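I have placed the structure first, in the form of structure tokens, so that the comments after it can refer back to it.
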Amino acid sequence: MKFWGRSAPLVLALTLVLAVGNLAAMEKAEFINGAHWTKWSNQDKLVYIRGLANWADFITEAQVERGKSAEFCISKVFVNELKAKSLGQIVAEADAYYRENPGKLNTSVIEVVLRRSTNACPPEAGVKEKKP
């Protein structure tokens, strides 16, 4: 009986995690693009950019010991080039891109951030250059 008393909360938590995981597994995975971005609140945008930054930090640290991959290189760009900017500045640059390019709402937010907020990818031809 003592074992069941200790393990019951664990069993309940595991059941909830599996149930929520099954629901999430049914949703279609997709890149977040301008169609999503332009409908989000500023808070949602900040959380998304923070998530990208956290992911990049993790990948950069995790792969130092394993060797460098393409994922490492992109993450390193995020970490090195975006660390001097605030989340709000990055959000503002993405907002400006979609405002200036309403016909390009299918462009992923990650691409917009790489092109607008870093020097890693050149801006698209005809698109307003990012500010230094």
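Identifiers in this document derive from the order of the structure tokens: chains are assigned A, B, ..., residues are numbered from 1 separately in each chain, and ligands are numbered from 1 in order of occurrence.
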Margin query: Give me the residues near stretch 40-46 of chain A as a VMD selection string, where near means some atom within 10 Å (using only C-alpha atoms) and where sequence neighbours in that chain fewer than 6 positions away do not count.
Written below: chain A and resid 34 52 86 to 92 94 to 95 109
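Among A:Lys39, A:Ala96, A:Val79, A:Ser108, the residue with the shortest atom-to-atom distance to A:Phe58, counting only C-alpha atoms, is A:Val79.
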Next item on the list: Return the single residue from A:Ile110, A:Val47, A:Ile74, A:Ala120 that is closest to A:Ile32, with distances computed using only C-alpha atoms.
Entry: A:Ile110
Note to self: Please determine, counting only C-alpha atoms, which residue among A:Trp37, A:Phe31, A:Trp55, A:Tyr98 has the shortest atom-to-atom distance to A:Glu71.
What the structure shows: A:Trp55
For A:Phe72, find every residue with an atom within 8 Å (counting only C-alpha atoms), except residues of its own chain fewer than 5 positions away, and show them as a short mmCIF file (atom, residue, chain, number, x, y, z; two decimals) with N, CA and C atoms, in the first residue's frame.
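Saved file result_22.cif follows:
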data_model
loop_
_atom_site.label_atom_id
_atom_site.label_comp_id
_atom_site.auth_asym_id
_atom_site.auth_seq_id
_atom_site.Cartn_x
_atom_site.Cartn_y
_atom_site.Cartn_z
N ILE A 59 21.48 24.07 -28.78
CA ILE A 59 22.19 23.38 -29.86
C ILE A 59 23.66 23.77 -29.88
N THR A 60 23.92 25.05 -29.70
CA THR A 60 25.30 25.53 -29.72
C THR A 60 26.11 24.88 -28.61
N GLN A 63 26.46 20.83 -29.14
CA GLN A 63 27.27 20.31 -30.23
C GLN A 63 28.73 20.72 -30.15
#
